[in-house]
Each structure stands twice: as C-alpha cells, then as structure tokens.
Number of protein chains: 2
Amino acid sequence: MSDRKRVCIIGAGPCGMAALRNFSQSALDVRPEVVCYEKQNTWGGLWNFTWLTGTDEYGEPCHGGQYKHLWSNGPKECLEFPDYTFDDHFRCPIPSFPPRAVLREYLEGRWTNGDDDLRKYIKFNTVVRNVVYNDASQNFTVVSTDLKAGVSSTEVFSHVIVAVGIFNVPNKPHFDGIDTFEGRIMHSHDFRDAKEFKGQRVLVVGASYSAEDLAMQCLKFGAKSAICTWRTKPMGFKWPKGIEERPLLLRLDSNTAYFKDGSSAKVDAILLCTGYRYAFPFLEDRLRLQSGLTMYPDDLYKATLWLRSGGGRLFYMGLQDQYFSYTMFETEAIWTCRYIMGTIPGEPKSQAEMRADAENWVARRKELKGPHDDIDFQADFIADLSAAVGYKPEAKKVADMFHKWEHDKDADIVSYRDQSFQSVFTGTVAPTLKSTWWRAFDDSKEAFVKNSE
Amino acid sequence: MSDRKRVCIIGAGPCGMAALRNFSQSALDVRPEVVCYEKQNTWGGLWNFTWLTGTDEYGEPCHGGQYKHLWSNGPKECLEFPDYTFDDHFRCPIPSFPPRAVLREYLEGRWTNGDDDLRKYIKFNTVVRNVVYNDASQNFTVVSTDLKAGVSSTEVFSHVIVAVGIFNVPNKPHFDGIDTFEGRIMHSHDFRDAKEFKGQRVLVVGASYSAEDLAMQCLKFGAKSAICTWRTKPMGFKWPKGIEERPLLLRLDSNTAYFKDGSSAKVDAILLCTGYRYAFPFLEDRLRLQSGLTMYPDDLYKATLWLRSGGGRLFYMGLQDQYFSYTMFETEAIWTCRYIMGTIPGEPKSQAEMRADAENWVARRKELKGPHDDIDFQADFIADLSAAVGYKPEAKKVADMFHKWEHDKDADIVSYRDQSFQSVFTGTVAPTLKSTWWRAFDDSKEAFVKNSE
C-alpha cells in the first residue's frame, strides 16, 4: 500500500457530499484517495423522498423520512452557500421557504457544478457493515456490502468520516396500553402524505419540529383535529382551530387517550413525533459516539474529531442539533478535509489541547437556555471553525435571521412561511408567495416558482 | 478452550427454542455448551405481537409481523407435538383453528414444561452482527451487541445454528407511479389491525396466504372493498361480496390503480402482500444461503446443514416454505442437535453423499406441481428426517389433514376455519365454534374457549 491517504466517507447526504466535494477540489499533491459508501441508490441523504417505510427494497432500515408537501421550515437564506447562492442556481429570485424538491435541486446543482463528476467516488446501494480501528497499523478496516449484488468487500482506510446523519433511526417510546390501541400508530419517520389522515382525529406525541409540522400538515390536508401532547413543555404556538396541546399522554385504552391533566380524548391515529436515536451500529464500540440530541456532543474536537479512540483519524459530521444546516456542514467539511490533508495552520494540536477545547464548548452548551441561545451558540461554533479555514458563511448575520424567524413563528405559526428574507451574500430580497403556504397545495418546483410574486 | 462443543443458536423462535430444548434434554456427556441470541425481549419469534412497525425500540428492523385478530390458517392438529399434545396443555378439547395467543401459549407451555429453565441460555435484546468461519481453527467468531447496554461481545463457537426465520424481512416490489399514490402504502409485515381500514377500498397486492388473510380481515372488520391483484395466477377462492381478484397491477396514478386487463379502480390504501426476502446480513458471504421462497433450498443437507462452506458446522432451521411448522421444526431440531452431538447412526456422511442426497431432494422439488404435491413432499422430507432419529410426528397422517384443509378452503374460504379435525395422537375430535370465525370479533383465549361447543 502506498503512503497516500485513503479516506472512507460513510453517507452521500449533504454532509458526506460536502466532504467529497471539498476533497475533489483540493490540490492534487495533498488530495487523498476517497471512497464514499451510500446505502441509497442516489445521493441526497434525508432529502430523497421514498414511498418506502420501515425497511427499504433490500430489507435495510429505510434512511429517509421525507413526506409529500414538506416545505422548508427555515428560511433558505439561512442555509445559502456563500459561493453558490440561490441566485447562482435559480437565476431568478424565489421565496424564502421552498418545498423539498426545490432545496434538493439546489443541493444537486452544487454537487454537479464542478468539473469533477462526484458520482464516480460513490458506491451506491452499498451499506457499511463494520468499521474497526487497527491500533498497530493505525488504520481502519471497513466491511461493506453491495446490496444489489449481495457481495461484501473489505477495504483499509487511513481515515473515516461518519456522515450518516442523526435523523434516520426513529426513537419509539412505549405508552401503557399502546398495544390495545385500535388505530394506526406510526413514527413521524414513516409519515409520507398528510392526506392519509383526512377526516381523522390525530394524536401527535411530541413538542418539536416534527410535531409542529405534522399537526399543521394534517390539518392543512383535511384532518378533523390534532392533539399535540408534550412532556417537558408545550410548543405554545397560536394554533389554528383544530389543533390543541395537552400535557403528556399517560395511557391508551382502545381508542381513548388519557393525559396527565386528567383529560381524555378519542383519537383515530397516533403520530409519534418522538425524535431519533443516535445510532452507528456499524462502528466498533469504542468508535461509537454515545449521545442523544444535543447542541454539541461530548468527546468531539471541533464537534467532528472523535477523541476517545481511532487515533485522531475518525470524524463525525453534522452530529449536533441543527439550526444552521448546509453551511454548517460545509464548514465542517472544509475543516475536516483540510485537517486530514494537514493544511490547517496550527493543527494538529495535542490531545490535551483538543480535549480542553471540546470541554469548553460542552461547558457552554450546558448553560444554554433556549432556542435563541442555541442559535448564537451554533453561530459562534461555525464562526470559530470557519475562521480556522478562512471560510465566510457570515454565521452571525445568519443568526440574526434565525432570531427573526423564531419571532415570526411565535407570532403566527400559520404564516411564518410567508415571510421574506434577504440574502446576506447577494442582497436579494426574496419575493413573497401569491398564495400563502397554508393555501398552497402543490409542492412542485414549477408551482412554487409560478406562485411567486 | 476445552474440547467441549460450543453451539451458537441465533433466534429464540419456534426453531431456535426447539433446538435449545433438545440440547437441554440431552445426556450430560454429549451435551454441548449452548448460547442462544435473541434480538427481541422475549422468546416466541414471529408469534410475538408488537405495536411497533418498521424499526423496533432500538432502531433494529422489527422482527414481528403479527396482527390483532390473527387466527391460525391451518388446523392446530397439523402442528401438534406428539409428546406435548393440545390436550396435554389445555386439559380440554379446543377448536381446530385457534387465534394467535392460544398458539403462542401452547408453544410457551412446551418450553416451560421441563425441569430446565431454558431462559438461562438465552441472551435477550441481543442482536448478532457478524458471523465468520475460521478455516484454520474450524470454528466461528460471532460478534453480537447487547442492545440495551450498547455493548458488543465477541465469542467463539464450534457450531452455529441459524434460526432467524424467513418471514421477517419484507419484499417490496416497485410499481410505476407508486410514489404518486395519495394514500397509505404498507407491507403486510406492518399490518397490525384491520380496523385501521374501516370504510376503505383496499388494494391487496399478492396471491398467497397474506393476501388471502388480509383481504378477508379487512372485509370482516369493515373495509368497503378489497381488490386482490395477482401476477402468476389468481387465488380463485369463492370470495365473499366485496372481495374480487384482478390481474397484475401495472401502475398507479394518484388514487387510481391500473391493471393488466385494462381495468382500473380507485383505492384508498395499498397492502403489499408481496412476501419476504431470505436475509442473513450478519453472515459472511460464503456462509449466506442464497434463496427465495422454496420447498427445499439448494446446498443444504437434510435442508439444514450448509454444504458450501463452514466446515459442516453451520446449520439453518425452518428455511423452507412451510405447510408443516412446529413438528417440522422439532424434527429438524432433533436431527441438528443429534448431528452436532454425534449420536445419529450413519452420520456424518461424506460431502459427496450429502450433496447427492440434497440434490435428490432439489430434483424432486423441481417437479412439484402445486399445494397437494408440496404437502406430500414436505411429509416425505419429515418422514425421512424423523426416521433417522426415531421421532414419530406421523407426517403422512398429518399430510392427509392438510389435503382436506386445502379442499375446505377451495370449497369455502369464509368457513374453512369452522371445520373440525381429529388429533392423530390423542384421537380427540376438536369441538366446533358456537359462533363462526367470520362472526368472532374477540381473539382472546378466554373468548375462544367460551365460544367452543
């Protein structure tokens, strides 16, 4: 084996593709050999829609949890790439909250924009089964299976980047009597089309983004009512008629749900919007991050480099709870790629220095009091990381937009997607929708562009 | 490591438990050390009901596909153990087609009937991740993960028995336009309660047991109609009003299904009764059986011993399409356990003899013309295997009952579960139900016994 570095990227979603793209644009003398393994038959990660739920066509757990009529729940100006703006891609201004297909197209545009065909580095329909770090040789043995052919391969890499995402393995809590419930029970990961719940009384378990959006979706497409049930605190939005919030679901008995405040209600379907599990079953124990959803997981330098094992050669991407998404992933990708290639001034640091830096962020994380704190924290994290590599995602300016967005939602959950934001890179002010989001029933790109003032 | 044999059983369903029970009853001087790994939190395999679909509480693919109001679709007299009859367990005669809970109780009764607590050999909530055969040392390295603790272990075994079943990994074909369908799409593996389809027009894709039973279940519990769509040939039963069969589904467009005969229909939900995949992702390639559903898979001596690799130390159980179930599994378990312990006269045979025997069965399999042939074939297989170990499941007499059962179904699909069969071991004639299966809406054991004449 030559001395050339060999990097394994696991996952071809927004994170893995950002890493792959950065490597492919690096100077030839430092560029490592790169192999990207992707379980799905195409790139895009969570942005791919599939009618499949539970397990996929090969019997593997389905990655995707996208649904029809999903529109971005944050302004596109908050996830815009400085060096590939929405104006660059669409050639005309578009509203701030696009439906899924529009954002997926934007990503794909970026990935196909360069001279290099990134597809050639990706092994599609290939699942990574096992990753082991070899202490003696300081490298990784990676076992993968080509799902179409049913054939496994073993390869050795100097570095591994785990980019499988954190929103693909559903978390499913148990409730007393849930096995007596005489209706449909599903996790939000299996939600595909709100029309399936037309005329029904749905019970939404959860109080975060999925709960908010699925309750709204169901109402928008004809559900009779939605009760959202919370454990820690209600979402507290000014809901449209038909949606209400109640304290925690305690138990179920046939079609009746009983809540902590003593109330009860008849419901037809239960939507578990109870989040996801951090799950990396393919990693040996000591390489496996142990975490729940958090703004900064423990034991990661710059939230990417795994400090507990793996010889400083194992990286995670996109592991934290996310306000910023594409640009945070891009920043992490630039940093990770350059770290691996050895082109970041002042890196690598000693284990003690890295640990101190990570602990500093974790200590700050523990003081966060809510969404606005979280936004500033994540902006600071991106500012820190991007400064180290000379990237300019303008995280602080974007943070101001996130703060406004939070206020918009608090003001009116029905209309927050009708607001307009201004690009920090182009100055373009987004046009508004002719018909509001609440009245827009076609989520195609064509309809979206036509619906723009 | 001592010379004592160490056997790994993967799965604690009817097959794995049969093997475990047989080992535990063997003479101490030949009895190997046994460890059984079970992904679920209890034994019973497919017979366990869970409200979960898709992935389980640990994010692993759900094993179970049982549903409420599932009643046996074959007479209990066809799966009765000679040495643990239904009379032994229930102490009173019960009708021939019991609901799920009754059959599960019968199995559990058998497993708890001996002096040995079989639970102590089972590692519950533990998934096997990787099995590799070591040629030099002629043993297996098995990596498993305790899902509760999140901790992996590596152990070495002299023999491995794969008993994970063949009805747990859904097969999901694609149909043109399926991603435009504006209603629920599910595989039968995710079917939990027919009441979810009340008032709906369901499209059932498939023409085997799941298709037949789910169409009937949906009608029984209030669905408006069911169209079953077939690829090879229709089931051809005399369906009750509301169920019809049509040639293959060609495509979908929104809520309209288009069939090969040029007809179309509006439907509200699609139930894919499209069977299962043989899937053993935890086995290294050369140990992995490559097969679809068949009456006798290739490359297995006595349908259990894997001939292509694994040094004659890897066994599969319950791998063939099944008419006989519990007693076939028992026969395979006795044979496999005794083979491993070296107590079958005339075994082991040479590789050439084993291969010739297996090829003989496969050749005969290829001549099978339909269900009645299949039944006789499976009876002969069991007779062959049980003769070698002196077990007496009376496979030929049971086959006669299966033939009658097929005729009953052909005569009337609605009432075949109301028929009575006679135990070949006790002579007991099953009582009939006071209310017919079609009118029985309580599937508890108590209601079932009360409903008996």
# chains A, B, ... in the order shown; residues from 1 in each chain; ligands from 1
>>> select_by_dssp(residues="stretch 50-262 of chain A", states="strand (DSSP E)", output="ChimeraX atom specification")
/A:122-123,126-134,139-146,151-157,159-162,184-187,201-205,225-230,243-247,249-253,256-259
>>> interface_residues(of="chain B", to="chain A", cutoff="8 Å", atoms="only C-alpha atoms", output="number ranges by chain")
B: 50-61, 150-152, 169-173, 178-179, 182-186, 193, 195-196, 277, 279, 284-285
>>> write_last_selection(atoms="N, CA and C atoms", output="tab-separated table (two decimals), in the first residue's frame")
chain	number	residue	atom	x	y	z
B	50	THR	N	-46.33	-7.14	18.39
B	50	THR	CA	-45.81	-5.84	18.82
B	50	THR	C	-46.56	-4.74	18.08
B	51	TRP	N	-46.77	-3.62	18.74
B	51	TRP	CA	-47.40	-2.47	18.08
B	51	TRP	C	-46.40	-1.77	17.17
B	52	LEU	N	-45.11	-2.09	17.36
B	52	LEU	CA	-44.07	-1.43	16.57
B	52	LEU	C	-44.07	-1.94	15.14
B	53	THR	N	-43.76	-1.06	14.21
B	53	THR	CA	-43.58	-1.46	12.81
B	53	THR	C	-42.29	-0.82	12.30
B	54	GLY	N	-41.72	-1.42	11.27
B	54	GLY	CA	-40.51	-0.84	10.68
B	54	GLY	C	-39.28	-1.13	11.50
B	55	THR	N	-38.99	-0.24	12.45
B	55	THR	CA	-37.86	-0.50	13.35
B	55	THR	C	-38.36	-0.61	14.78
B	56	ASP	N	-37.62	-1.34	15.58
B	56	ASP	CA	-38.04	-1.60	16.96
B	56	ASP	C	-37.54	-0.51	17.92
B	57	GLU	N	-37.65	-0.78	19.20
B	57	GLU	CA	-37.29	0.25	20.19
B	57	GLU	C	-35.81	0.58	20.19
B	58	TYR	N	-34.99	-0.28	19.55
B	58	TYR	CA	-33.54	0.01	19.47
B	58	TYR	C	-33.13	0.45	18.06
B	59	GLY	N	-34.11	0.64	17.18
B	59	GLY	CA	-33.77	1.06	15.83
B	59	GLY	C	-33.39	-0.09	14.91
B	60	GLU	N	-33.53	-1.32	15.40
B	60	GLU	CA	-33.27	-2.50	14.56
B	60	GLU	C	-34.54	-2.84	13.77
B	61	PRO	N	-34.40	-3.44	12.60
B	61	PRO	CA	-35.62	-3.84	11.88
B	61	PRO	C	-36.51	-4.71	12.76
B	150	GLY	N	-25.78	-1.42	24.79
B	150	GLY	CA	-24.98	-0.85	23.71
B	150	GLY	C	-23.56	-1.39	23.70
B	151	VAL	N	-23.39	-2.59	24.19
B	151	VAL	CA	-22.05	-3.18	24.31
B	151	VAL	C	-21.96	-4.42	23.44
B	152	SER	N	-20.87	-4.53	22.69
B	152	SER	CA	-20.67	-5.67	21.81
B	152	SER	C	-19.76	-6.71	22.45
B	169	VAL	N	-38.19	-10.22	6.85
B	169	VAL	CA	-37.63	-9.13	6.04
B	169	VAL	C	-38.51	-8.95	4.79
B	170	PRO	N	-39.33	-7.91	4.79
B	170	PRO	CA	-40.31	-7.74	3.72
B	170	PRO	C	-39.69	-7.57	2.34
B	171	ASN	N	-40.34	-8.15	1.36
B	171	ASN	CA	-40.01	-7.94	-0.04
B	171	ASN	C	-40.93	-6.85	-0.60
B	172	LYS	N	-40.36	-5.81	-1.16
B	172	LYS	CA	-41.16	-4.66	-1.58
B	172	LYS	C	-40.92	-4.30	-3.04
B	173	PRO	N	-41.73	-4.84	-3.93
B	173	PRO	CA	-41.56	-4.52	-5.34
B	173	PRO	C	-42.00	-3.08	-5.63
B	178	ILE	N	-46.04	4.57	-8.02
B	178	ILE	CA	-46.37	4.29	-6.61
B	178	ILE	C	-46.04	5.49	-5.72
B	179	ASP	N	-45.03	6.27	-6.15
B	179	ASP	CA	-44.70	7.43	-5.32
B	179	ASP	C	-45.67	8.60	-5.52
B	182	GLU	N	-51.78	8.65	-3.43
B	182	GLU	CA	-52.16	9.54	-2.34
B	182	GLU	C	-52.93	8.80	-1.26
B	183	GLY	N	-52.31	7.81	-0.71
B	183	GLY	CA	-52.94	7.07	0.37
B	183	GLY	C	-51.88	6.24	1.04
B	184	ARG	N	-52.30	5.43	1.96
B	184	ARG	CA	-51.35	4.64	2.72
B	184	ARG	C	-50.82	3.48	1.89
B	185	ILE	N	-49.51	3.25	1.97
B	185	ILE	CA	-48.90	2.09	1.35
B	185	ILE	C	-48.19	1.32	2.45
B	186	MET	N	-48.50	0.06	2.57
B	186	MET	CA	-47.82	-0.72	3.61
B	186	MET	C	-47.56	-2.14	3.14
B	193	ASP	N	-53.82	-4.15	12.56
B	193	ASP	CA	-55.22	-4.18	12.98
B	193	ASP	C	-56.10	-3.81	11.79
B	195	LYS	N	-59.01	-2.94	11.65
B	195	LYS	CA	-59.92	-1.81	11.89
B	195	LYS	C	-59.39	-0.50	11.32
B	196	GLU	N	-58.08	-0.43	11.12
B	196	GLU	CA	-57.49	0.79	10.54
B	196	GLU	C	-58.02	1.05	9.12
B	277	ARG	N	-38.02	-11.66	2.02
B	277	ARG	CA	-36.71	-11.95	1.47
B	277	ARG	C	-35.96	-12.86	2.42
B	279	ALA	N	-32.88	-13.27	4.23
B	279	ALA	CA	-31.86	-12.25	4.53
B	279	ALA	C	-31.08	-12.65	5.77
B	284	GLU	N	-21.06	-13.92	6.96
B	284	GLU	CA	-20.14	-13.60	5.87
B	284	GLU	C	-20.66	-14.27	4.60
B	285	ASP	N	-20.28	-13.68	3.45
B	285	ASP	CA	-20.88	-14.07	2.17
B	285	ASP	C	-20.96	-15.58	1.95
>>> select_by_dssp(residues="stretch 197-438 of chain A", states="alpha helix (DSSP H)", output="PyMOL selection string")
chain A and resi 209-220+326-341+351-365+371-389+395-411
>>> closest_residue(among="B:Cys36, B:Val143, B:Cys78, B:Cys8", to="B:Met328", atoms="only C-alpha atoms")
B:Cys78
>>> residues_around(residues="B:Asp412", least_positions_apart="2", cutoff="12 Å", atoms="only C-alpha atoms", output="list in words")
Gly236, Phe237, Lys238, Trp239, Pro240, Trp405, Glu406, His407, Asp408, Lys409, Asp410, Val414, Ser415, Tyr416, Arg417, Asp418, Gln419 and Trp438 of chain B
>>> residues_around(residues="B:Arg338", least_positions_apart="2", cutoff="10 Å", atoms="only C-alpha atoms", output="PDB file with C-alpha atoms, in the first residue's frame")
ATOM      1  CA  ALA B  19     -33.024 -26.760  19.253  1.00  0.00           C
ATOM      2  CA  ASN B  22     -33.415 -30.647  22.639  1.00  0.00           C
ATOM      3  CA  PHE B  23     -29.893 -29.788  23.748  1.00  0.00           C
ATOM      4  CA  SER B  26     -29.635 -34.462  26.050  1.00  0.00           C
ATOM      5  CA  VAL B  30     -22.639 -35.339  24.949  1.00  0.00           C
ATOM      6  CA  ARG B  31     -24.462 -32.086  25.675  1.00  0.00           C
ATOM      7  CA  GLU B 332     -35.080 -30.546  12.271  1.00  0.00           C
ATOM      8  CA  ALA B 333     -34.060 -29.618  15.806  1.00  0.00           C
ATOM      9  CA  ILE B 334     -33.716 -33.230  16.945  1.00  0.00           C
ATOM     10  CA  TRP B 335     -31.740 -34.073  13.834  1.00  0.00           C
ATOM     11  CA  THR B 336     -29.473 -30.999  14.088  1.00  0.00           C
ATOM     12  CA  ILE B 340     -23.836 -31.957  16.308  1.00  0.00           C
ATOM     13  CA  MET B 341     -23.576 -34.290  19.312  1.00  0.00           C
ATOM     14  CA  GLY B 342     -22.599 -37.159  17.012  1.00  0.00           C
ATOM     15  CA  THR B 343     -25.412 -39.501  18.019  1.00  0.00           C
ATOM     16  CA  ILE B 344     -27.094 -40.228  14.678  1.00  0.00           C
ATOM     17  CA  PRO B 345     -26.203 -43.714  13.379  1.00  0.00           C
ATOM     18  CA  GLU B 347     -23.676 -39.786  10.305  1.00  0.00           C
ATOM     19  CA  VAL B 389     -33.656 -40.018  14.716  1.00  0.00           C
TER      20      VAL B 389
END
>>> atom_distance(atom1="atom CA of B:Asp298", atom2="atom CA of B:Ala358")
7.4 Å
>>> atom_distance(atom1="atom CA of A:Trp71", atom2="atom CA of A:Asp88")
21.1 Å
>>> atom_distance(atom1="atom CA of A:Phe86", atom2="atom CA of A:Gly427")
11.3 Å
